[in-house]
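What follows is a set of notes on a single structure, which appears directly below.
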Amino acid sequence: VQNTGVVGLGGAAFPTHVKMRVPEGRTIDTVIANGCECEPYLTTDHRMMVEHADAIHEGIRIVQRAVGASRTLIATEDNKPDAAEALRRSPSRAATTEVCELPTHYP
């Protein structure tokens, strides 16, 4: 992942490989995929979940394998039920992945 240059899409462009590095002597059992938007009018995460649920689940499997996690929680906002439903109905969804609808809250 480090060699690909993949970074987060937030303003800091945080390197993804740093997030995936497991500290020595530690294990990761759960990956949390944050599908919640940070502003009320942003819809990028929402549209990705609705339109590309299969690809999201495929990426989750790769990340789980890379960090040795046994499960994943995908956080969505409760005002975007179509995104949660698309993720739940995706044929690519693994039994180890749970979609969690969280209360919508914008700081």
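Labels for the structure tokens follow display order: chains A, B, ..., residues from 1 in each chain, ligands from 1.
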For this session: Give me the residues within 10 Å of Cys38 in chain A as a VMD selection string, counting only C-alpha atoms and dropping any in the same chain fewer than 4 places off.
Result: chain A and resid 10 42 to 43 45 104 to 107
Let me see the file: selected residues, N, CA and C atoms, as a compact mmCIF listing (two decimals), in the first residue's frame.
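Now in part-v7.txt:
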# COMPACT_ATOMS: atom_id res chain seq x y z
N GLY A 10 -9.32 13.16 3.11
CA GLY A 10 -9.51 14.34 3.94
C GLY A 10 -8.48 15.40 3.57
N LEU A 42 -22.39 17.21 1.85
CA LEU A 42 -21.47 16.34 1.15
C LEU A 42 -22.17 15.02 0.87
N THR A 43 -21.92 14.45 -0.30
CA THR A 43 -22.59 13.20 -0.64
C THR A 43 -21.64 12.16 -1.27
N ASP A 45 -19.40 9.98 0.06
CA ASP A 45 -19.46 8.66 0.71
C ASP A 45 -20.81 8.00 0.42
N THR A 104 -27.38 10.73 12.71
CA THR A 104 -26.74 11.80 11.92
C THR A 104 -26.40 12.96 12.84
N HIS A 105 -25.14 13.40 12.76
CA HIS A 105 -24.69 14.51 13.61
C HIS A 105 -23.58 15.23 12.88
N TYR A 106 -23.74 16.53 12.69
CA TYR A 106 -22.70 17.32 12.06
C TYR A 106 -22.15 18.29 13.10
N PRO A 107 -20.83 18.27 13.30
CA PRO A 107 -20.23 19.13 14.34
C PRO A 107 -20.34 20.61 14.01
Spatial neighbours of Val99 in chain A, 12 Å, only C-alpha atoms, chain gap at least 6 places, as a PDB file with N, CA, C and O atoms, in the first residue's frame:
ATOM      1  N   VAL A  31     -12.071  -3.905  11.796  1.00  0.00           N
ATOM      2  CA  VAL A  31     -11.840  -2.743  10.937  1.00  0.00           C
ATOM      3  C   VAL A  31     -13.125  -1.919  10.972  1.00  0.00           C
ATOM      4  O   VAL A  31     -14.221  -2.477  10.879  1.00  0.00           O
ATOM      5  N   ILE A  32     -13.004  -0.607  11.102  1.00  0.00           N
ATOM      6  CA  ILE A  32     -14.163   0.276  11.043  1.00  0.00           C
ATOM      7  C   ILE A  32     -14.049   1.105   9.765  1.00  0.00           C
ATOM      8  O   ILE A  32     -13.083   1.841   9.575  1.00  0.00           O
ATOM      9  N   ALA A  33     -15.036   0.950   8.890  1.00  0.00           N
ATOM     10  CA  ALA A  33     -15.095   1.724   7.655  1.00  0.00           C
ATOM     11  C   ALA A  33     -16.079   2.862   7.879  1.00  0.00           C
ATOM     12  O   ALA A  33     -17.271   2.636   8.098  1.00  0.00           O
ATOM     13  N   ASN A  34     -15.580   4.084   7.855  1.00  0.00           N
ATOM     14  CA  ASN A  34     -16.393   5.253   8.164  1.00  0.00           C
ATOM     15  C   ASN A  34     -17.055   5.786   6.899  1.00  0.00           C
ATOM     16  O   ASN A  34     -16.423   6.406   6.061  1.00  0.00           O
ATOM     17  N   GLY A  35     -18.352   5.554   6.775  1.00  0.00           N
ATOM     18  CA  GLY A  35     -19.114   6.063   5.633  1.00  0.00           C
ATOM     19  C   GLY A  35     -19.940   7.282   5.989  1.00  0.00           C
ATOM     20  O   GLY A  35     -20.849   7.653   5.247  1.00  0.00           O
ATOM     21  N   CYS A  36     -19.645   7.907   7.115  1.00  0.00           N
ATOM     22  CA  CYS A  36     -20.394   9.096   7.546  1.00  0.00           C
ATOM     23  C   CYS A  36     -19.737  10.351   6.976  1.00  0.00           C
ATOM     24  O   CYS A  36     -18.519  10.490   7.017  1.00  0.00           O
ATOM     25  N   MET A  49     -21.317   4.407  -1.576  1.00  0.00           N
ATOM     26  CA  MET A  49     -21.944   3.250  -0.952  1.00  0.00           C
ATOM     27  C   MET A  49     -23.132   2.756  -1.769  1.00  0.00           C
ATOM     28  O   MET A  49     -23.330   1.547  -1.924  1.00  0.00           O
ATOM     29  N   ALA A  53     -21.225  -0.514  -3.899  1.00  0.00           N
ATOM     30  CA  ALA A  53     -21.197  -1.352  -2.689  1.00  0.00           C
ATOM     31  C   ALA A  53     -20.303  -2.579  -2.869  1.00  0.00           C
ATOM     32  O   ALA A  53     -19.553  -2.949  -1.963  1.00  0.00           O
ATOM     33  N   HIS A  57     -17.005  -3.634  -0.546  1.00  0.00           N
ATOM     34  CA  HIS A  57     -16.845  -4.916   0.155  1.00  0.00           C
ATOM     35  C   HIS A  57     -15.575  -5.639  -0.283  1.00  0.00           C
ATOM     36  O   HIS A  57     -14.902  -6.263   0.539  1.00  0.00           O
ATOM     37  N   ARG A  71     -13.340  -9.121  11.505  1.00  0.00           N
ATOM     38  CA  ARG A  71     -14.635  -8.529  11.169  1.00  0.00           C
ATOM     39  C   ARG A  71     -14.482  -7.063  10.802  1.00  0.00           C
ATOM     40  O   ARG A  71     -13.454  -6.440  11.086  1.00  0.00           O
ATOM     41  N   THR A  72     -15.538  -6.530  10.180  1.00  0.00           N
ATOM     42  CA  THR A  72     -15.573  -5.114   9.811  1.00  0.00           C
ATOM     43  C   THR A  72     -16.929  -4.532  10.158  1.00  0.00           C
ATOM     44  O   THR A  72     -17.958  -5.186   9.960  1.00  0.00           O
ATOM     45  N   LEU A  73     -16.913  -3.320  10.664  1.00  0.00           N
ATOM     46  CA  LEU A  73     -18.132  -2.541  10.880  1.00  0.00           C
ATOM     47  C   LEU A  73     -18.109  -1.387   9.882  1.00  0.00           C
ATOM     48  O   LEU A  73     -17.106  -0.673   9.791  1.00  0.00           O
ATOM     49  N   ILE A  74     -19.190  -1.232   9.133  1.00  0.00           N
ATOM     50  CA  ILE A  74     -19.309  -0.087   8.220  1.00  0.00           C
ATOM     51  C   ILE A  74     -20.302   0.880   8.844  1.00  0.00           C
ATOM     52  O   ILE A  74     -21.469   0.540   9.065  1.00  0.00           O
ATOM     53  N   ALA A  75     -19.844   2.087   9.142  1.00  0.00           N
ATOM     54  CA  ALA A  75     -20.696   3.106   9.740  1.00  0.00           C
ATOM     55  C   ALA A  75     -21.355   3.934   8.642  1.00  0.00           C
ATOM     56  O   ALA A  75     -20.680   4.457   7.762  1.00  0.00           O
ATOM     57  N   THR A  76     -22.690   4.014   8.685  1.00  0.00           N
ATOM     58  CA  THR A  76     -23.440   4.883   7.790  1.00  0.00           C
ATOM     59  C   THR A  76     -24.310   5.795   8.650  1.00  0.00           C
ATOM     60  O   THR A  76     -24.497   5.524   9.842  1.00  0.00           O
ATOM     61  N   GLU A  77     -24.845   6.830   8.048  1.00  0.00           N
ATOM     62  CA  GLU A  77     -25.736   7.730   8.779  1.00  0.00           C
ATOM     63  C   GLU A  77     -27.183   7.256   8.628  1.00  0.00           C
ATOM     64  O   GLU A  77     -27.571   6.771   7.569  1.00  0.00           O
ATOM     65  N   ASP A  78     -27.962   7.433   9.678  1.00  0.00           N
ATOM     66  CA  ASP A  78     -29.339   6.948   9.640  1.00  0.00           C
ATOM     67  C   ASP A  78     -30.239   7.731   8.682  1.00  0.00           C
ATOM     68  O   ASP A  78     -31.341   7.291   8.377  1.00  0.00           O
ATOM     69  N   PRO A  81     -30.623   5.716   4.448  1.00  0.00           N
ATOM     70  CA  PRO A  81     -30.959   4.285   4.517  1.00  0.00           C
ATOM     71  C   PRO A  81     -30.680   3.536   3.210  1.00  0.00           C
ATOM     72  O   PRO A  81     -30.433   2.334   3.237  1.00  0.00           O
ATOM     73  N   ASP A  82     -30.688   4.241   2.086  1.00  0.00           N
ATOM     74  CA  ASP A  82     -30.406   3.560   0.815  1.00  0.00           C
ATOM     75  C   ASP A  82     -28.953   3.083   0.754  1.00  0.00           C
ATOM     76  O   ASP A  82     -28.653   2.039   0.177  1.00  0.00           O
ATOM     77  N   ALA A  83     -28.048   3.824   1.383  1.00  0.00           N
ATOM     78  CA  ALA A  83     -26.646   3.410   1.416  1.00  0.00           C
ATOM     79  C   ALA A  83     -26.498   2.154   2.277  1.00  0.00           C
ATOM     80  O   ALA A  83     -25.843   1.182   1.869  1.00  0.00           O
ATOM     81  N   ALA A  84     -27.110   2.160   3.440  1.00  0.00           N
ATOM     82  CA  ALA A  84     -27.036   0.991   4.327  1.00  0.00           C
ATOM     83  C   ALA A  84     -27.652  -0.225   3.645  1.00  0.00           C
ATOM     84  O   ALA A  84     -27.084  -1.332   3.699  1.00  0.00           O
ATOM     85  N   GLU A  85     -28.769  -0.037   2.984  1.00  0.00           N
ATOM     86  CA  GLU A  85     -29.440  -1.152   2.312  1.00  0.00           C
ATOM     87  C   GLU A  85     -28.599  -1.692   1.159  1.00  0.00           C
ATOM     88  O   GLU A  85     -28.490  -2.912   0.980  1.00  0.00           O
ATOM     89  N   ALA A  86     -27.981  -0.812   0.387  1.00  0.00           N
ATOM     90  CA  ALA A  86     -27.128  -1.253  -0.722  1.00  0.00           C
ATOM     91  C   ALA A  86     -25.955  -2.080  -0.203  1.00  0.00           C
ATOM     92  O   ALA A  86     -25.601  -3.102  -0.782  1.00  0.00           O
ATOM     93  N   LEU A  87     -25.365  -1.648   0.899  1.00  0.00           N
ATOM     94  CA  LEU A  87     -24.246  -2.386   1.479  1.00  0.00           C
ATOM     95  C   LEU A  87     -24.702  -3.741   2.028  1.00  0.00           C
ATOM     96  O   LEU A  87     -24.001  -4.737   1.895  1.00  0.00           O
ATOM     97  N   ARG A  88     -25.870  -3.766   2.637  1.00  0.00           N
ATOM     98  CA  ARG A  88     -26.374  -5.027   3.195  1.00  0.00           C
ATOM     99  C   ARG A  88     -26.757  -6.023   2.097  1.00  0.00           C
ATOM    100  O   ARG A  88     -26.582  -7.215   2.257  1.00  0.00           O
ATOM    101  N   ARG A  89     -27.295  -5.541   0.986  1.00  0.00           N
ATOM    102  CA  ARG A  89     -27.764  -6.422  -0.082  1.00  0.00           C
ATOM    103  C   ARG A  89     -26.680  -6.818  -1.076  1.00  0.00           C
ATOM    104  O   ARG A  89     -26.908  -7.666  -1.923  1.00  0.00           O
ATOM    105  N   SER A  90     -25.528  -6.205  -0.985  1.00  0.00           N
ATOM    106  CA  SER A  90     -24.456  -6.490  -1.932  1.00  0.00           C
ATOM    107  C   SER A  90     -24.072  -7.964  -1.898  1.00  0.00           C
ATOM    108  O   SER A  90     -23.801  -8.514  -0.833  1.00  0.00           O
ATOM    109  N   ARG A  93     -20.831  -8.814  -0.038  1.00  0.00           N
ATOM    110  CA  ARG A  93     -20.719  -8.646   1.413  1.00  0.00           C
ATOM    111  C   ARG A  93     -20.353  -9.973   2.077  1.00  0.00           C
ATOM    112  O   ARG A  93     -20.975 -10.993   1.847  1.00  0.00           O
TER     113      ARG A  93
END
Exercise. What is the CA of Ile60 in chain A-CA of Glu101 in chain A distance in Å, reported with one decimal?
Worked result: 17.6 Å
Problem set entry | Shell around Leu9 in chain A at 12 Å using only C-alpha atoms, local window under 5 positions removed, as a list in words | Phe14, Pro15, Thr16, Glu37, Thr44 and Asp45 of chain A
Serialized selection, N, CA and C atoms, as an mmCIF file, in the first residue's frame:
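Final file, part00.cif:
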data_model
loop_
_atom_site.group_PDB
_atom_site.id
_atom_site.type_symbol
_atom_site.label_atom_id
_atom_site.label_comp_id
_atom_site.auth_asym_id
_atom_site.auth_seq_id
_atom_site.Cartn_x
_atom_site.Cartn_y
_atom_site.Cartn_z
ATOM 1 N N PHE A 14 -3.765 11.937 4.606
ATOM 2 C CA PHE A 14 -3.020 11.057 5.505
ATOM 3 C C PHE A 14 -2.707 9.739 4.799
ATOM 4 N N PRO A 15 -1.459 9.272 4.857
ATOM 5 C CA PRO A 15 -1.063 8.035 4.159
ATOM 6 C C PRO A 15 -1.797 6.807 4.709
ATOM 7 N N THR A 16 -2.443 6.074 3.845
ATOM 8 C CA THR A 16 -3.213 4.899 4.242
ATOM 9 C C THR A 16 -2.338 3.816 4.849
ATOM 10 N N GLU A 37 -20.553 11.223 6.459
ATOM 11 C CA GLU A 37 -20.054 12.492 5.913
ATOM 12 C C GLU A 37 -19.770 13.447 7.077
ATOM 13 N N THR A 44 -20.356 12.408 -1.227
ATOM 14 C CA THR A 44 -19.409 11.492 -1.862
ATOM 15 C C THR A 44 -19.492 10.095 -1.257
ATOM 16 N N ASP A 45 -19.398 9.979 0.059
ATOM 17 C CA ASP A 45 -19.460 8.662 0.712
ATOM 18 C C ASP A 45 -20.807 7.996 0.424
#
For this session: Could you give me, as JSON, numbers by chain, each residue of chain A that DSSP assigns to strand (DSSP E) when run on this structure's backbone?
Result: {"A": [30, 31, 32, 33, 34, 71, 72, 73, 74, 75, 76, 77, 97, 98, 99, 100, 101, 102]}
Neighbour list for Pro23 in chain A as a short mmCIF file (atom, residue, chain, number, x, y, z; two decimals) with all heavy atoms, in the first residue's frame, cut-off 12 Å, only C-alpha atoms, skip fewer than 5 positions in-chain:
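Result went into selection-v9.cif, see below:
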data_model
loop_
_atom_site.label_atom_id
_atom_site.label_comp_id
_atom_site.auth_asym_id
_atom_site.auth_seq_id
_atom_site.Cartn_x
_atom_site.Cartn_y
_atom_site.Cartn_z
N VAL A 18 0.02 4.02 6.86
CA VAL A 18 0.24 4.27 8.28
C VAL A 18 -0.95 3.76 9.09
O VAL A 18 -0.79 3.15 10.15
CB VAL A 18 0.49 5.77 8.54
CG1 VAL A 18 0.58 6.06 10.03
CG2 VAL A 18 1.75 6.24 7.82
N ILE A 28 -5.27 -6.65 15.48
CA ILE A 28 -6.49 -5.91 15.14
C ILE A 28 -7.58 -6.94 14.90
O ILE A 28 -7.41 -7.86 14.11
CB ILE A 28 -6.28 -5.05 13.88
CG1 ILE A 28 -5.27 -3.95 14.16
CG2 ILE A 28 -7.61 -4.46 13.40
CD1 ILE A 28 -4.90 -3.12 12.97
N VAL A 67 -4.53 -6.62 7.59
CA VAL A 67 -4.30 -6.33 9.01
C VAL A 67 -4.65 -7.49 9.93
O VAL A 67 -4.48 -7.41 11.14
CB VAL A 67 -5.04 -5.04 9.47
CG1 VAL A 67 -4.58 -3.84 8.66
CG2 VAL A 67 -6.55 -5.21 9.41
#
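In this comparison, which uses only C-alpha atoms, the residue of A:Met48, A:Met20, A:Ala95, A:Cys100 approaching Arg65 in chain A most closely is A:Met20.
Candidate residues A:Ala69, A:Leu102, A:Ala94, A:Val7 were compared for distance to Arg26 in chain A, and the nearest is A:Ala69, using only C-alpha atoms.
We find CA of Thr97 in chain A and CA of Ala55 in chain A to be spaced 13.7 Å apart.
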Exercise. So which residues touch His17 in chain A within 8 Å, counting only C-alpha atoms, skipping near sequence neighbours fewer than 4 positions away, as number ranges by chain?
Worked result: A: 1-2, 6-7, 21
For C-alpha atoms, I'd like the residues from the last selection saved as a compact mmCIF listing (two decimals), in the first residue's frame.
# COMPACT_ATOMS: atom_id res chain seq x y z
CA VAL A 1 0.00 0.00 0.00
CA GLN A 2 2.85 2.38 0.80
CA VAL A 6 -2.76 5.75 -1.47
CA VAL A 7 -3.83 8.51 0.92
CA ARG A 21 0.42 -0.68 10.13
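CA of Gly8 in chain A to CA of Ser92 in chain A spans 23.3 Å [interatomic distance, one decimal].
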